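Colleague: Structure below; questions to follow.
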Amino acid sequence: MNIFLKLKHWQIFLIWIGASIQMQMFMKTDFWFISFGIYVGLIFGWIYSIGKVLNKDNSELIKKLNIWSIIYLIAMIPFAINFHSMMNQSYERISPLILVACGIVGIVAMINVVLISSKTLKETDTSEKLTFAKYALEFFLILYMVIEVWILQPKLNKLLNRTESTTGNNT
């Protein structure tokens with residue numbers, strides 16, 4: 001997971017663009033589920049790695065992050081199936097009621113993962129306990145990450161380098 005935080009902002013952006021292209025290319029093939037998993041994994045992996053790497057000493061928070069991440073990934077399965085059906089112009093769609101329920105669960109899970117990651121990012125940077133008002137900017141930057149990676153990733157690179165130099169750990 002550390003690899004996401006060590007990359008430059010333009011590298012992450014290009015990886016996401018490449019993941020989007022490969023997902024569109026393979027969505028009509030038999031490898032569609034793997035392709036969708038790669039796409040979601042790369043985008044979600046960046047958010048997850050912020051919380052995981054910067055909280056490596058807090059096992060309780062990592063457990064909470066893992067639970068919300070699994071809930072989010074499970075909630076995305078019906079959307080992947082529905083997207084695949086749409087791309088293949090199939091009329092076999094998942095019930096809108098199931099999609100709404102999974103969407104609500106997915107949004108709640110994603111907001112919790114982003115809250116954990118953004119609070120961790122700000123706490124690591126300032127070394128103090130924070131209220132939401134003090135880390136709201138990081139929350140929205142992570143939530144709308146496709147463009148904001150250009151702002152956050154250089155900050156993460158510096159923070160990770162500073163953390164590794166103070167602990168003497170290069171893992």
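Naming scheme: A, B, ... for chains in displayed order of the structure tokens; residues 1 onward per chain; ligands 1 onward as shown.
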Write out as a PyMOL selection string the residues lying within 12 Å of Leu137 (chain A), counting only C-alpha atoms and excluding same-chain residues fewer than 4 positions away.
Modeller: chain A and resi 114-115+118-119+121-122+131-133+141-145+148+151-152
Colleague: Near Tyr48 (chain A), within 8 Å and counting only C-alpha atoms, which residues show up once chain neighbours fewer than 5 positions away are dropped, as a PyMOL selection string?
Modeller: chain A and resi 65+69+113+117
Colleague: Could you save the residues just selected, with C-alpha atoms, as a PDB file, in the first residue's frame?
Modeller:
```pdb
ATOM      1  CA  LEU A  65     -10.790   1.168   8.061  1.00  0.00           C
ATOM      2  CA  SER A  69     -13.433  -0.791   2.996  1.00  0.00           C
ATOM      3  CA  VAL A 113     -13.045   5.628   4.776  1.00  0.00           C
ATOM      4  CA  SER A 117      -7.940   8.911   5.818  1.00  0.00           C
TER       5      SER A 117
END
```
Colleague: Pick out the residues sitting within 6 Å of region 11-27 of chain A, and hand them over as a PyMOL selection string; count only C-alpha atoms, and ignore anything fewer than 6 positions along from it in its own chain.
Modeller: chain A and resi 35-36+39
Colleague: List every residue of region 14-150 of chain A that DSSP, applied to the backbone of this structure, assigns to alpha helix (DSSP H), and report them as an MDAnalysis selection string.
Modeller: chainID A and resid 14:26 32:54 59:75 77:87 96:126 132:143 145:150
Colleague: If we count only C-alpha atoms and set the cut-off at 9 Å, which residues sit around Met87 (chain A), ignoring sequence neighbours fewer than 2 positions away in its own chain? Please answer as a list in words.
Modeller: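 Result of the neighbour search: Gln24, Met27, Lys28, Asn82, Phe83, His84, Ser85, Gln89 and Ser90 of chain A.
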Colleague: Restricting it to all heavy atoms, dump the selection as a short mmCIF file (atom, residue, chain, number, x, y, z; two decimals), in the first residue's frame.
Modeller:
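Heads up, here's the output in result_37.cif:
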```
data_model
loop_
_atom_site.label_atom_id
_atom_site.label_comp_id
_atom_site.auth_asym_id
_atom_site.auth_seq_id
_atom_site.Cartn_x
_atom_site.Cartn_y
_atom_site.Cartn_z
N GLN A 24 -12.90 0.41 -19.89
CA GLN A 24 -13.79 0.58 -21.04
C GLN A 24 -13.50 -0.46 -22.14
O GLN A 24 -14.42 -0.93 -22.79
CB GLN A 24 -13.67 1.99 -21.61
CG GLN A 24 -14.18 3.06 -20.68
CD GLN A 24 -15.66 2.91 -20.38
OE1 GLN A 24 -16.44 2.58 -21.25
NE2 GLN A 24 -16.03 3.15 -19.14
N MET A 27 -14.73 -4.10 -20.78
CA MET A 27 -16.06 -4.23 -20.17
C MET A 27 -16.97 -5.16 -20.97
O MET A 27 -17.85 -5.80 -20.41
CB MET A 27 -16.71 -2.87 -20.01
CG MET A 27 -17.93 -2.88 -19.13
SD MET A 27 -17.76 -3.69 -17.53
CE MET A 27 -16.76 -2.59 -16.62
N LYS A 28 -16.75 -5.30 -22.26
CA LYS A 28 -17.61 -6.17 -23.08
C LYS A 28 -17.01 -7.56 -23.27
O LYS A 28 -17.51 -8.34 -24.06
CB LYS A 28 -17.85 -5.52 -24.44
CG LYS A 28 -18.68 -4.26 -24.34
CD LYS A 28 -18.98 -3.69 -25.69
CE LYS A 28 -19.81 -2.43 -25.55
NZ LYS A 28 -20.16 -1.87 -26.86
N ASN A 82 -24.48 -4.16 -13.00
CA ASN A 82 -25.41 -3.33 -13.76
C ASN A 82 -24.69 -2.56 -14.87
O ASN A 82 -25.21 -2.42 -15.98
CB ASN A 82 -26.12 -2.36 -12.81
CG ASN A 82 -27.46 -1.92 -13.34
OD1 ASN A 82 -28.22 -2.74 -13.84
ND2 ASN A 82 -27.73 -0.64 -13.23
N PHE A 83 -23.49 -2.08 -14.59
CA PHE A 83 -22.71 -1.36 -15.59
C PHE A 83 -22.35 -2.29 -16.75
O PHE A 83 -22.43 -1.91 -17.92
CB PHE A 83 -21.45 -0.77 -14.95
CG PHE A 83 -20.64 0.09 -15.88
CD1 PHE A 83 -21.13 1.30 -16.34
CD2 PHE A 83 -19.39 -0.32 -16.29
CE1 PHE A 83 -20.38 2.09 -17.20
CE2 PHE A 83 -18.63 0.46 -17.15
CZ PHE A 83 -19.14 1.67 -17.60
N HIS A 84 -21.98 -3.52 -16.42
CA HIS A 84 -21.66 -4.52 -17.44
C HIS A 84 -22.89 -4.80 -18.32
O HIS A 84 -22.78 -4.87 -19.55
CB HIS A 84 -21.17 -5.81 -16.79
CG HIS A 84 -20.92 -6.92 -17.76
ND1 HIS A 84 -19.94 -6.86 -18.72
CD2 HIS A 84 -21.54 -8.11 -17.92
CE1 HIS A 84 -19.96 -7.98 -19.42
NE2 HIS A 84 -20.93 -8.75 -18.96
N SER A 85 -24.05 -4.94 -17.72
CA SER A 85 -25.27 -5.18 -18.48
C SER A 85 -25.59 -3.99 -19.38
O SER A 85 -26.02 -4.17 -20.52
CB SER A 85 -26.45 -5.42 -17.53
OG SER A 85 -26.25 -6.58 -16.78
N GLN A 89 -25.65 -3.78 -23.61
CA GLN A 89 -27.01 -3.48 -24.06
C GLN A 89 -27.97 -4.62 -23.75
O GLN A 89 -28.82 -4.99 -24.54
CB GLN A 89 -27.01 -3.14 -25.54
CG GLN A 89 -26.18 -1.92 -25.84
CD GLN A 89 -26.04 -1.65 -27.32
OE1 GLN A 89 -26.33 -2.48 -28.16
NE2 GLN A 89 -25.58 -0.45 -27.63
N SER A 90 -27.79 -5.17 -22.57
CA SER A 90 -28.65 -6.25 -22.09
C SER A 90 -29.80 -5.64 -21.30
O SER A 90 -29.67 -4.58 -20.70
CB SER A 90 -27.83 -7.18 -21.18
OG SER A 90 -28.69 -8.07 -20.52
#
```
Colleague: Fewer than 2 positions away in the same chain doesn't count, so skip those; otherwise give me all residues within 12 Å of region 54-57 of chain A, counting only C-alpha atoms, as a PDB file with N, CA, C and O atoms, in the first residue's frame.
Modeller:
```
ATOM      1  N   MET A   1       0.823  -1.193   0.000  1.00  0.00           N
ATOM      2  CA  MET A   1       0.000   0.000   0.000  1.00  0.00           C
ATOM      3  C   MET A   1       0.870   1.261   0.000  1.00  0.00           C
ATOM      4  O   MET A   1       0.411   2.294  -0.421  1.00  0.00           O
ATOM      5  N   ASN A   2       2.067   1.125   0.462  1.00  0.00           N
ATOM      6  CA  ASN A   2       2.983   2.253   0.528  1.00  0.00           C
ATOM      7  C   ASN A   2       3.316   2.803  -0.859  1.00  0.00           C
ATOM      8  O   ASN A   2       3.675   3.958  -0.998  1.00  0.00           O
ATOM      9  N   LEU A   5       1.580   6.040  -2.032  1.00  0.00           N
ATOM     10  CA  LEU A   5       2.009   7.297  -1.421  1.00  0.00           C
ATOM     11  C   LEU A   5       3.382   7.744  -1.897  1.00  0.00           C
ATOM     12  O   LEU A   5       3.737   8.903  -1.753  1.00  0.00           O
ATOM     13  N   ILE A  47      -6.966   6.009  -1.635  1.00  0.00           N
ATOM     14  CA  ILE A  47      -7.623   6.518  -0.424  1.00  0.00           C
ATOM     15  C   ILE A  47      -7.327   5.602   0.756  1.00  0.00           C
ATOM     16  O   ILE A  47      -6.996   6.059   1.852  1.00  0.00           O
ATOM     17  N   TYR A  48      -7.448   4.303   0.524  1.00  0.00           N
ATOM     18  CA  TYR A  48      -7.217   3.324   1.578  1.00  0.00           C
ATOM     19  C   TYR A  48      -5.778   3.387   2.082  1.00  0.00           C
ATOM     20  O   TYR A  48      -5.528   3.294   3.278  1.00  0.00           O
ATOM     21  N   SER A  49      -4.827   3.569   1.171  1.00  0.00           N
ATOM     22  CA  SER A  49      -3.418   3.570   1.577  1.00  0.00           C
ATOM     23  C   SER A  49      -3.075   4.768   2.447  1.00  0.00           C
ATOM     24  O   SER A  49      -2.185   4.672   3.296  1.00  0.00           O
ATOM     25  N   ILE A  50      -3.760   5.883   2.267  1.00  0.00           N
ATOM     26  CA  ILE A  50      -3.519   7.041   3.132  1.00  0.00           C
ATOM     27  C   ILE A  50      -3.815   6.667   4.577  1.00  0.00           C
ATOM     28  O   ILE A  50      -2.997   6.884   5.476  1.00  0.00           O
ATOM     29  N   GLY A  51      -4.987   6.091   4.808  1.00  0.00           N
ATOM     30  CA  GLY A  51      -5.359   5.706   6.164  1.00  0.00           C
ATOM     31  C   GLY A  51      -4.535   4.553   6.705  1.00  0.00           C
ATOM     32  O   GLY A  51      -4.162   4.537   7.874  1.00  0.00           O
ATOM     33  N   LYS A  52      -4.227   3.581   5.855  1.00  0.00           N
ATOM     34  CA  LYS A  52      -3.504   2.386   6.304  1.00  0.00           C
ATOM     35  C   LYS A  52      -2.044   2.685   6.640  1.00  0.00           C
ATOM     36  O   LYS A  52      -1.554   2.301   7.693  1.00  0.00           O
ATOM     37  N   SER A  59      -3.904  -0.103  15.551  1.00  0.00           N
ATOM     38  CA  SER A  59      -4.580  -1.291  15.025  1.00  0.00           C
ATOM     39  C   SER A  59      -6.100  -1.173  15.089  1.00  0.00           C
ATOM     40  O   SER A  59      -6.799  -1.725  14.236  1.00  0.00           O
ATOM     41  N   GLU A  60      -6.630  -0.459  16.062  1.00  0.00           N
ATOM     42  CA  GLU A  60      -8.076  -0.303  16.172  1.00  0.00           C
ATOM     43  C   GLU A  60      -8.632   0.515  15.006  1.00  0.00           C
ATOM     44  O   GLU A  60      -9.661   0.172  14.428  1.00  0.00           O
ATOM     45  N   LEU A  61      -7.940   1.575  14.647  1.00  0.00           N
ATOM     46  CA  LEU A  61      -8.373   2.400  13.522  1.00  0.00           C
ATOM     47  C   LEU A  61      -8.197   1.671  12.196  1.00  0.00           C
ATOM     48  O   LEU A  61      -9.034   1.802  11.292  1.00  0.00           O
ATOM     49  N   ILE A  62      -7.153   0.864  12.077  1.00  0.00           N
ATOM     50  CA  ILE A  62      -6.948   0.077  10.857  1.00  0.00           C
ATOM     51  C   ILE A  62      -8.054  -0.969  10.717  1.00  0.00           C
ATOM     52  O   ILE A  62      -8.542  -1.219   9.617  1.00  0.00           O
ATOM     53  N   LYS A  63      -8.473  -1.561  11.836  1.00  0.00           N
ATOM     54  CA  LYS A  63      -9.568  -2.527  11.793  1.00  0.00           C
ATOM     55  C   LYS A  63     -10.853  -1.857  11.305  1.00  0.00           C
ATOM     56  O   LYS A  63     -11.561  -2.392  10.455  1.00  0.00           O
ATOM     57  N   LYS A  64     -11.134  -0.660  11.818  1.00  0.00           N
ATOM     58  CA  LYS A  64     -12.310   0.080  11.387  1.00  0.00           C
ATOM     59  C   LYS A  64     -12.214   0.439   9.897  1.00  0.00           C
ATOM     60  O   LYS A  64     -13.182   0.315   9.151  1.00  0.00           O
ATOM     61  N   LEU A  65     -11.024   0.841   9.468  1.00  0.00           N
ATOM     62  CA  LEU A  65     -10.790   1.168   8.061  1.00  0.00           C
ATOM     63  C   LEU A  65     -10.995  -0.056   7.176  1.00  0.00           C
ATOM     64  O   LEU A  65     -11.626   0.033   6.110  1.00  0.00           O
ATOM     65  N   ASN A  66     -10.507  -1.204   7.609  1.00  0.00           N
ATOM     66  CA  ASN A  66     -10.681  -2.446   6.851  1.00  0.00           C
ATOM     67  C   ASN A  66     -12.145  -2.843   6.728  1.00  0.00           C
ATOM     68  O   ASN A  66     -12.597  -3.262   5.662  1.00  0.00           O
ATOM     69  N   ILE A 116     -11.653   8.782   7.842  1.00  0.00           N
ATOM     70  CA  ILE A 116     -10.502   8.210   8.537  1.00  0.00           C
ATOM     71  C   ILE A 116      -9.202   8.644   7.863  1.00  0.00           C
ATOM     72  O   ILE A 116      -8.254   9.074   8.528  1.00  0.00           O
ATOM     73  N   SER A 117      -9.163   8.563   6.546  1.00  0.00           N
ATOM     74  CA  SER A 117      -7.940   8.911   5.818  1.00  0.00           C
ATOM     75  C   SER A 117      -7.618  10.394   5.911  1.00  0.00           C
ATOM     76  O   SER A 117      -6.464  10.768   6.116  1.00  0.00           O
ATOM     77  N   SER A 118      -8.623  11.250   5.775  1.00  0.00           N
ATOM     78  CA  SER A 118      -8.359  12.693   5.821  1.00  0.00           C
ATOM     79  C   SER A 118      -7.965  13.144   7.223  1.00  0.00           C
ATOM     80  O   SER A 118      -7.058  13.963   7.382  1.00  0.00           O
ATOM     81  N   LYS A 119      -8.603  12.592   8.233  1.00  0.00           N
ATOM     82  CA  LYS A 119      -8.232  12.945   9.607  1.00  0.00           C
ATOM     83  C   LYS A 119      -6.818  12.468   9.914  1.00  0.00           C
ATOM     84  O   LYS A 119      -6.034  13.184  10.538  1.00  0.00           O
ATOM     85  N   THR A 120      -6.481  11.285   9.469  1.00  0.00           N
ATOM     86  CA  THR A 120      -5.134  10.756   9.671  1.00  0.00           C
ATOM     87  C   THR A 120      -4.094  11.628   8.980  1.00  0.00           C
ATOM     88  O   THR A 120      -3.041  11.922   9.548  1.00  0.00           O
ATOM     89  N   LEU A 121      -4.389  12.032   7.748  1.00  0.00           N
ATOM     90  CA  LEU A 121      -3.474  12.892   7.003  1.00  0.00           C
ATOM     91  C   LEU A 121      -3.217  14.196   7.742  1.00  0.00           C
ATOM     92  O   LEU A 121      -2.065  14.603   7.917  1.00  0.00           O
ATOM     93  N   LYS A 122      -4.256  14.829   8.210  1.00  0.00           N
ATOM     94  CA  LYS A 122      -4.100  16.109   8.906  1.00  0.00           C
ATOM     95  C   LYS A 122      -3.451  15.923  10.271  1.00  0.00           C
ATOM     96  O   LYS A 122      -2.597  16.723  10.667  1.00  0.00           O
ATOM     97  N   GLU A 123      -3.820  14.867  11.005  1.00  0.00           N
ATOM     98  CA  GLU A 123      -3.215  14.622  12.313  1.00  0.00           C
ATOM     99  C   GLU A 123      -1.730  14.314  12.194  1.00  0.00           C
ATOM    100  O   GLU A 123      -0.940  14.737  13.035  1.00  0.00           O
ATOM    101  N   THR A 124      -1.347  13.582  11.170  1.00  0.00           N
ATOM    102  CA  THR A 124       0.062  13.276  10.966  1.00  0.00           C
ATOM    103  C   THR A 124       0.836  14.535  10.609  1.00  0.00           C
ATOM    104  O   THR A 124       1.978  14.708  11.020  1.00  0.00           O
ATOM    105  N   ASP A 125       0.199  15.419   9.871  1.00  0.00           N
ATOM    106  CA  ASP A 125       0.840  16.659   9.453  1.00  0.00           C
ATOM    107  C   ASP A 125       0.981  17.646  10.611  1.00  0.00           C
ATOM    108  O   ASP A 125       2.006  18.300  10.756  1.00  0.00           O
ATOM    109  N   SER A 127       0.194  16.854  14.089  1.00  0.00           N
ATOM    110  CA  SER A 127       0.458  16.168  15.363  1.00  0.00           C
ATOM    111  C   SER A 127      -0.424  16.662  16.498  1.00  0.00           C
ATOM    112  O   SER A 127       0.032  16.879  17.617  1.00  0.00           O
ATOM    113  N   LEU A 156       1.542  14.406   0.476  1.00  0.00           N
ATOM    114  CA  LEU A 156       1.730  13.047   1.002  1.00  0.00           C
ATOM    115  C   LEU A 156       3.166  12.577   0.827  1.00  0.00           C
ATOM    116  O   LEU A 156       3.715  11.924   1.714  1.00  0.00           O
ATOM    117  N   ASN A 157       3.780  12.904  -0.322  1.00  0.00           N
ATOM    118  CA  ASN A 157       5.183  12.536  -0.545  1.00  0.00           C
ATOM    119  C   ASN A 157       6.084  13.151   0.518  1.00  0.00           C
ATOM    120  O   ASN A 157       6.937  12.468   1.096  1.00  0.00           O
ATOM    121  N   LEU A 159       5.198  14.276   3.500  1.00  0.00           N
ATOM    122  CA  LEU A 159       4.837  13.736   4.808  1.00  0.00           C
ATOM    123  C   LEU A 159       5.410  12.341   5.011  1.00  0.00           C
ATOM    124  O   LEU A 159       5.948  12.036   6.072  1.00  0.00           O
ATOM    125  N   LEU A 160       5.348  11.515   3.996  1.00  0.00           N
ATOM    126  CA  LEU A 160       5.889  10.164   4.098  1.00  0.00           C
ATOM    127  C   LEU A 160       7.406  10.188   4.216  1.00  0.00           C
ATOM    128  O   LEU A 160       7.976   9.438   5.015  1.00  0.00           O
ATOM    129  N   ASN A 161       8.060  11.051   3.464  1.00  0.00           N
ATOM    130  CA  ASN A 161       9.521  11.184   3.580  1.00  0.00           C
ATOM    131  C   ASN A 161       9.927  11.669   4.963  1.00  0.00           C
ATOM    132  O   ASN A 161      10.897  11.193   5.537  1.00  0.00           O
ATOM    133  N   ARG A 162       9.169  12.624   5.502  1.00  0.00           N
ATOM    134  CA  ARG A 162       9.461  13.135   6.843  1.00  0.00           C
ATOM    135  C   ARG A 162       9.229  12.062   7.896  1.00  0.00           C
ATOM    136  O   ARG A 162      10.037  11.892   8.811  1.00  0.00           O
ATOM    137  N   THR A 163       8.159  11.285   7.751  1.00  0.00           N
ATOM    138  CA  THR A 163       7.857  10.213   8.696  1.00  0.00           C
ATOM    139  C   THR A 163       8.927   9.128   8.651  1.00  0.00           C
ATOM    140  O   THR A 163       9.369   8.640   9.682  1.00  0.00           O
ATOM    141  N   GLU A 164       9.350   8.756   7.442  1.00  0.00           N
ATOM    142  CA  GLU A 164      10.371   7.716   7.309  1.00  0.00           C
ATOM    143  C   GLU A 164      11.720   8.184   7.830  1.00  0.00           C
ATOM    144  O   GLU A 164      12.467   7.400   8.403  1.00  0.00           O
ATOM    145  N   THR A 171      10.204   1.128   4.933  1.00  0.00           N
ATOM    146  CA  THR A 171       9.334   0.076   4.420  1.00  0.00           C
ATOM    147  C   THR A 171       8.263   0.638   3.563  1.00  0.00           C
ATOM    148  O   THR A 171       7.848   1.707   3.599  1.00  0.00           O
TER     149      THR A 171
END
```
Colleague: How far is it from CA of Ile3 (chain A) to CA of Ala109 (chain A), in Å with one decimal?
Modeller: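 These two atoms are separated by 23.4 Å.
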Colleague: Give the answer as one residue: which of A:Ala136, A:Tyr91, A:Val53, A:Phe33 has the shortest atom-to-atom distance to Phe79 (chain A), using only C-alpha atoms?
Modeller: A:Phe33
Colleague: Skipping near chain neighbours, those fewer than 4 positions away, what residues fall within 12 Å of Met76 (chain A) using only C-alpha atoms, listed as a PyMOL selection string?
Modeller: chain A and resi 33+36-37+39-41+44+69-72+80-83+98-107+109-110
Colleague: Please compute the CA of Pro154 (chain A)-CA of Leu7 (chain A) distance, one decimal, in Å.
Modeller: 9.0 Å
Colleague: Ranking A:Ile67, A:Leu130, A:Ile38, A:Val149 by minimum distance to Asn112 (chain A) and counting only C-alpha atoms, which one comes first?
Modeller: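 For Asn112 (chain A), the nearest of the given residues is A:Ile67.
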Colleague: Just how far from CA of Phe4 (chain A) is CA of Trp46 (chain A), in Å to one decimal?
Modeller: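 Separating CA of Trp46 (chain A) from CA of Phe4 (chain A) is a distance of 5.8 Å.
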